[in-house]
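Colleague: Questions regarding the structure given below will be posed in turn.
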Protein chains: 2
Amino acid sequence: MSEVLEGKRLSRRELLTGAGKLAVGASAIAVVLSKGLGLPPRAEAKELPKWPWPYKKLDIDKVAEITYTNWYKGFCCYAVASGILIPLQEKVGEPYTSFPVDSLVWGHGGVVGWGTMCGTMIGTSIATGLICGPGVAKDGEQVANEVIHFYADTELTIYAPKTPKTTGEIAKSKSNSPLCHISVGKWMKEEGVEFLSPQRFERCARITADVAIRTVTLLNDWYEGKYKPVHDLQVNLFQMPTENKCSSCHGSKVPEVPL
Amino acid sequence: MSEVLEGKRLSRRELLTGAGKLAVGASAIAVVLSKGLGLPPRAEAKELPKWPWPYKKLDIDKVAEITYTNWYKGFCCYAVASGILIPLQEKVGEPYTSFPVDSLVWGHGGVVGWGTMCGTMIGTSIATGLICGPGVAKDGEQVANEVIHFYADTELTIYAPKTPKTTGEIAKSKSNSPLCHISVGKWMKEEGVEFLSPQRFERCARITADVAIRTVTLLNDWYEGKYKPVHDLQVNLFQMPTENKCSSCHGSKVPEVPL
């Protein structure tokens, strides 16, 4: 049996005790990542930089412009990922150059159109996972967590494209949820527009740019050593994977957790 | 302005008319992917196979064993992705060898612990996106869509590990949803166990293997030209990104769509 199959790096005992009983929380992830996950050595690709991939500070206006434009090519997940990774292909080269950003369209519509996590933050998570790597306080997951809070808790959209594809006002709204179906559905209902309308396309293209801007703002801070996480991870707070607006589904039976 | 920023490959007119008014559906995706998304050429990595990445038929038992074992190393998203991509690193080599599978832990707990799309199917989508590439009837998104239906509509878990980390019966349940919070929460309530319990760890490790098995079964069929999609994409059916059990959130006001 290969090393990959041994499963000894993080035993159930470690999950239960070594990580302070927070198996999927920050502590456990730190244990997992500090010990490595068992990838075989890169025998055929020694010339490529190892993960985490090298980062260089990015121009936020350029990231936003690529992201907004690329929404109209491949939708939200692809747009955020390409808005970050294409400038890094240009500034850093490999291994970004070999990464097929085109393969990431599937995140649209809350993952293959199922209305779950807004694809923007799938794009964010892919990028921060590649760039930040292991380490709890600084890792990609913590950066993505902050971006998800921003998406759910902020009146969006903010970004104003230089050359908008659709003119006219795009109303702001706060989703109170990272779910595509909730975020888009509430906005459509308030605006009285259909999903396949130019206004909805434009709203999603702009909110996608907002997410990319937030992500790269945090990544640039992280690169300069100025980034500090504001929010703890959800599982540490709730002992359960969840959004933080419990009453929106469960009613008033479940108290809100102040965050 | 670079070619990346031109945004001419899929104009708003094409989104509205050229794709039969289904902007984010299969037709529109076909338009996007048939025209390319504007990645710069791989000037520095000509020796690597281009996307979509070459596939070889995988041994399903081995995939399941890696996936189950790797859940205990990096949780659901990492486990499914590594269960598929590590055997391809061994059988195919590059470009799989250079892909940092370790960067995918973030998908756990419904994406960074927010309880949205179960991370298993994020792992599936990353793998099928890399492997299947463009083409509506055969593409990675369609395969992932079938796997999401399987997850939501099947009494799981099915997989029986040779050497289980937790002994004792793991009850089966049907989630009726791809959401981590719903799937895990309903199962926990029925079983009377906590999220940070060995039984829940084992349930998630086994359901993760089930998803990897289903994904690779479809990929192997696809590789042999035997794969045919069963379900249409959600946006084509509902004109909205959504699950298909509307009444579970909206009550009986919204009729179920028979699928």
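All residue names refer to the structure tokens as shown: chains lettered A, B, ... in order, residues numbered from 1 in each chain, ligands numbered from 1 in order.
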Could you give me, as a ChimeraX atom specification, the residues within 6 Å of range 120-130 of chain B, counting only C-alpha atoms and dropping anything in the same chain fewer than 2 positions from it?

Modeller: /A:103 /B:52-53,76-77,80-81,118,132-133,140,144,208

Colleague: Identify, on the basis of only C-alpha atoms, every residue whose closest approach to range 110-113 of chain B does not exceed 8 Å; exclude the query and any residue fewer than 6 positions from it along the same chain; express the result as JSON, numbers by chain.

Modeller: {"A": [117, 122, 141, 144, 145, 233, 234, 235, 240, 241, 242], "B": [119, 179, 180, 181]}

Colleague: Could you write those residues out with N, CA and C atoms, as an mmCIF file, in the first residue's frame?

Modeller:
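Result saved to part-v6.cif:
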```
data_model
loop_
_atom_site.group_PDB
_atom_site.id
_atom_site.type_symbol
_atom_site.label_atom_id
_atom_site.label_comp_id
_atom_site.auth_asym_id
_atom_site.auth_seq_id
_atom_site.Cartn_x
_atom_site.Cartn_y
_atom_site.Cartn_z
ATOM 1 N N MET A 117 -23.148 27.992 -3.134
ATOM 2 C CA MET A 117 -22.177 29.068 -2.937
ATOM 3 C C MET A 117 -21.993 29.867 -4.229
ATOM 4 N N ILE A 122 -16.077 30.760 -5.064
ATOM 5 C CA ILE A 122 -15.353 29.554 -5.485
ATOM 6 C C ILE A 122 -14.082 30.003 -6.207
ATOM 7 N N GLU A 141 -7.727 29.845 3.104
ATOM 8 C CA GLU A 141 -9.079 29.632 3.624
ATOM 9 C C GLU A 141 -9.529 30.813 4.488
ATOM 10 N N ALA A 144 -10.371 33.663 2.174
ATOM 11 C CA ALA A 144 -11.664 33.390 1.531
ATOM 12 C C ALA A 144 -12.806 33.614 2.512
ATOM 13 N N ASN A 145 -12.606 33.228 3.769
ATOM 14 C CA ASN A 145 -13.642 33.425 4.791
ATOM 15 C C ASN A 145 -13.988 34.906 4.946
ATOM 16 N N LEU A 233 -13.236 31.098 11.815
ATOM 17 C CA LEU A 233 -13.885 30.208 10.859
ATOM 18 C C LEU A 233 -15.223 29.721 11.415
ATOM 19 N N GLN A 234 -16.152 29.439 10.504
ATOM 20 C CA GLN A 234 -17.530 29.116 10.874
ATOM 21 C C GLN A 234 -17.630 27.921 11.828
ATOM 22 N N VAL A 235 -16.857 26.874 11.548
ATOM 23 C CA VAL A 235 -16.978 25.657 12.354
ATOM 24 C C VAL A 235 -16.495 25.905 13.782
ATOM 25 N N MET A 240 -20.484 23.601 13.490
ATOM 26 C CA MET A 240 -21.330 23.072 12.414
ATOM 27 C C MET A 240 -21.061 23.923 11.171
ATOM 28 N N PRO A 241 -20.967 23.305 9.994
ATOM 29 C CA PRO A 241 -20.842 24.125 8.780
ATOM 30 C C PRO A 241 -22.162 24.853 8.530
ATOM 31 N N THR A 242 -22.116 26.152 8.410
ATOM 32 C CA THR A 242 -23.357 26.921 8.307
ATOM 33 C C THR A 242 -23.086 28.357 7.900
ATOM 34 N N GLY B 119 -18.576 19.801 -0.159
ATOM 35 C CA GLY B 119 -17.258 19.882 -0.777
ATOM 36 C C GLY B 119 -16.918 18.710 -1.678
ATOM 37 N N LEU B 179 -26.692 20.686 -0.318
ATOM 38 C CA LEU B 179 -26.114 21.574 0.692
ATOM 39 C C LEU B 179 -25.548 20.769 1.858
ATOM 40 N N CYS B 180 -24.314 21.066 2.229
ATOM 41 C CA CYS B 180 -23.653 20.411 3.357
ATOM 42 C C CYS B 180 -24.487 20.542 4.628
ATOM 43 N N HIS B 181 -24.932 21.748 4.943
ATOM 44 C CA HIS B 181 -25.656 21.992 6.186
ATOM 45 C C HIS B 181 -26.919 21.132 6.262
#
```

Colleague: Looking at A:Gly115, A:Gly185, A:Gly192, A:Pro164, which one is nearest to chain B, with distances taken over only C-alpha atoms?

Modeller: A:Gly115

Colleague: According to DSSP computed on the backbone, where in range 86-246 of chain A is there alpha helix (DSSP H)? Give the residues as number ranges by chain.

Modeller: A: 86-91, 119-132, 140-153, 180-191, 198-223, 234-238

Colleague: Could you please determine the separation between CA of Asn70 in chain A and CA of Met188 in chain A in Å, to one decimal place?

Modeller: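 According to the coordinates, CA of Asn70 in chain A and CA of Met188 in chain A are separated by 22.0 Å.
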
Colleague: Residues near Tyr151 in chain A, anyone? I mean within 9 Å using only C-alpha atoms, not counting same-chain ones fewer than 2 positions away, as an mmCIF file with C-alpha atoms, in the first residue's frame.

Modeller:
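The resulting file, selection.cif, is reproduced below:
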```cif
data_model
loop_
_atom_site.group_PDB
_atom_site.id
_atom_site.type_symbol
_atom_site.label_atom_id
_atom_site.label_comp_id
_atom_site.auth_asym_id
_atom_site.auth_seq_id
_atom_site.Cartn_x
_atom_site.Cartn_y
_atom_site.Cartn_z
ATOM 1 C CA MET A 121 -16.187 32.906 -3.913
ATOM 2 C CA GLU A 146 -13.225 37.197 5.035
ATOM 3 C CA VAL A 147 -14.363 37.601 1.425
ATOM 4 C CA ILE A 148 -17.475 35.508 2.097
ATOM 5 C CA HIS A 149 -18.333 37.737 5.071
ATOM 6 C CA ASP A 153 -22.709 41.606 4.831
ATOM 7 C CA THR A 154 -22.160 44.452 2.343
ATOM 8 C CA GLU A 155 -24.520 46.531 0.209
ATOM 9 C CA LEU A 156 -23.391 45.521 -3.292
ATOM 10 C CA LYS A 174 -27.299 43.089 0.930
ATOM 11 C CA SER A 175 -27.666 39.339 0.430
ATOM 12 C CA ASN A 176 -27.230 38.269 4.087
ATOM 13 C CA SER A 177 -26.157 34.954 2.548
ATOM 14 C CA PRO A 178 -23.402 33.606 0.298
ATOM 15 C CA ILE A 207 -20.639 41.969 -7.939
ATOM 16 C CA ASP A 210 -16.444 43.556 -6.179
ATOM 17 C CA VAL A 211 -15.433 40.107 -4.937
#
```

Colleague: Return the single residue from B:Pro49, B:Gly168, B:Pro229, B:Pro161 that is closest to chain A, with distances computed using only C-alpha atoms.

Modeller: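 Checking each of B:Pro49, B:Gly168, B:Pro229, B:Pro161 against chain A, counting only C-alpha atoms, the winner is B:Pro49.
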
Colleague: Which one is closest to Phe99 in chain B: B:Ser82, B:Gln199, B:Thr217, B:Ser183? Count only C-alpha atoms.

Modeller: B:Ser82

Colleague: Determine the nearest neighbour of chain A from the options B:Trp187, B:Phe75, B:Tyr159, B:Tyr223, counting only C-alpha atoms.

Modeller: B:Phe75

Colleague: In Å, with one decimal, what is the gap from CA of Asp232 in chain A to CA of Val193 in chain B?

Modeller: 24.1 Å

Colleague: If I take CA of Ser98 in chain B and CA of Trp51 in chain A, how far is one from the other in Å, to one decimal?

Modeller: 9.1 Å

Colleague: So, counting only C-alpha atoms, which residue among A:Ile170, A:His231, A:Gly225, A:Phe238 is closest to Phe195 in chain B?

Modeller: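 Going through A:Ile170, A:His231, A:Gly225, A:Phe238 one by one, the smallest distance to Phe195 in chain B is for A:Phe238.
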
Colleague: Using only C-alpha atoms, pick whichever of A:Glu94, A:Ile60, A:Val105, A:Gly83 has the shortest atom-to-atom distance to Asn220 in chain A.

Modeller: A:Ile60

Colleague: Can you pull out the residues contacting Asp61 in chain B? Cut-off 10 Å, using only C-alpha atoms, and skip same-chain residues under 4 positions away; I want them as a list in words.

Modeller: Glu65, Ile66, Thr67, Pro161, Ala209 and Ile213 of chain B

Colleague: For the selection just defined, write its residues with N, CA and C atoms to a file, as a PDB file, in the first residue's frame.

Modeller:
```pdb
ATOM      1  N   GLU B  65     -10.638   3.885  -2.197  1.00  0.00           N
ATOM      2  CA  GLU B  65      -9.777   3.696  -1.026  1.00  0.00           C
ATOM      3  C   GLU B  65      -8.956   4.960  -0.725  1.00  0.00           C
ATOM      4  N   ILE B  66      -8.387   5.565  -1.786  1.00  0.00           N
ATOM      5  CA  ILE B  66      -7.643   6.822  -1.581  1.00  0.00           C
ATOM      6  C   ILE B  66      -8.580   7.890  -1.025  1.00  0.00           C
ATOM      7  N   THR B  67      -9.763   7.983  -1.605  1.00  0.00           N
ATOM      8  CA  THR B  67     -10.698   9.043  -1.207  1.00  0.00           C
ATOM      9  C   THR B  67     -11.103   8.884   0.254  1.00  0.00           C
ATOM     10  N   PRO B 161     -15.750   0.612   3.691  1.00  0.00           N
ATOM     11  CA  PRO B 161     -14.280   0.556   3.675  1.00  0.00           C
ATOM     12  C   PRO B 161     -13.770  -0.783   4.189  1.00  0.00           C
ATOM     13  N   ALA B 209     -16.338   8.932  -0.446  1.00  0.00           N
ATOM     14  CA  ALA B 209     -15.963   7.826  -1.331  1.00  0.00           C
ATOM     15  C   ALA B 209     -17.087   7.536  -2.329  1.00  0.00           C
ATOM     16  N   ILE B 213     -16.607   7.510  -6.336  1.00  0.00           N
ATOM     17  CA  ILE B 213     -16.946   6.321  -7.125  1.00  0.00           C
ATOM     18  C   ILE B 213     -17.886   6.693  -8.267  1.00  0.00           C
TER      19      ILE B 213
END
```
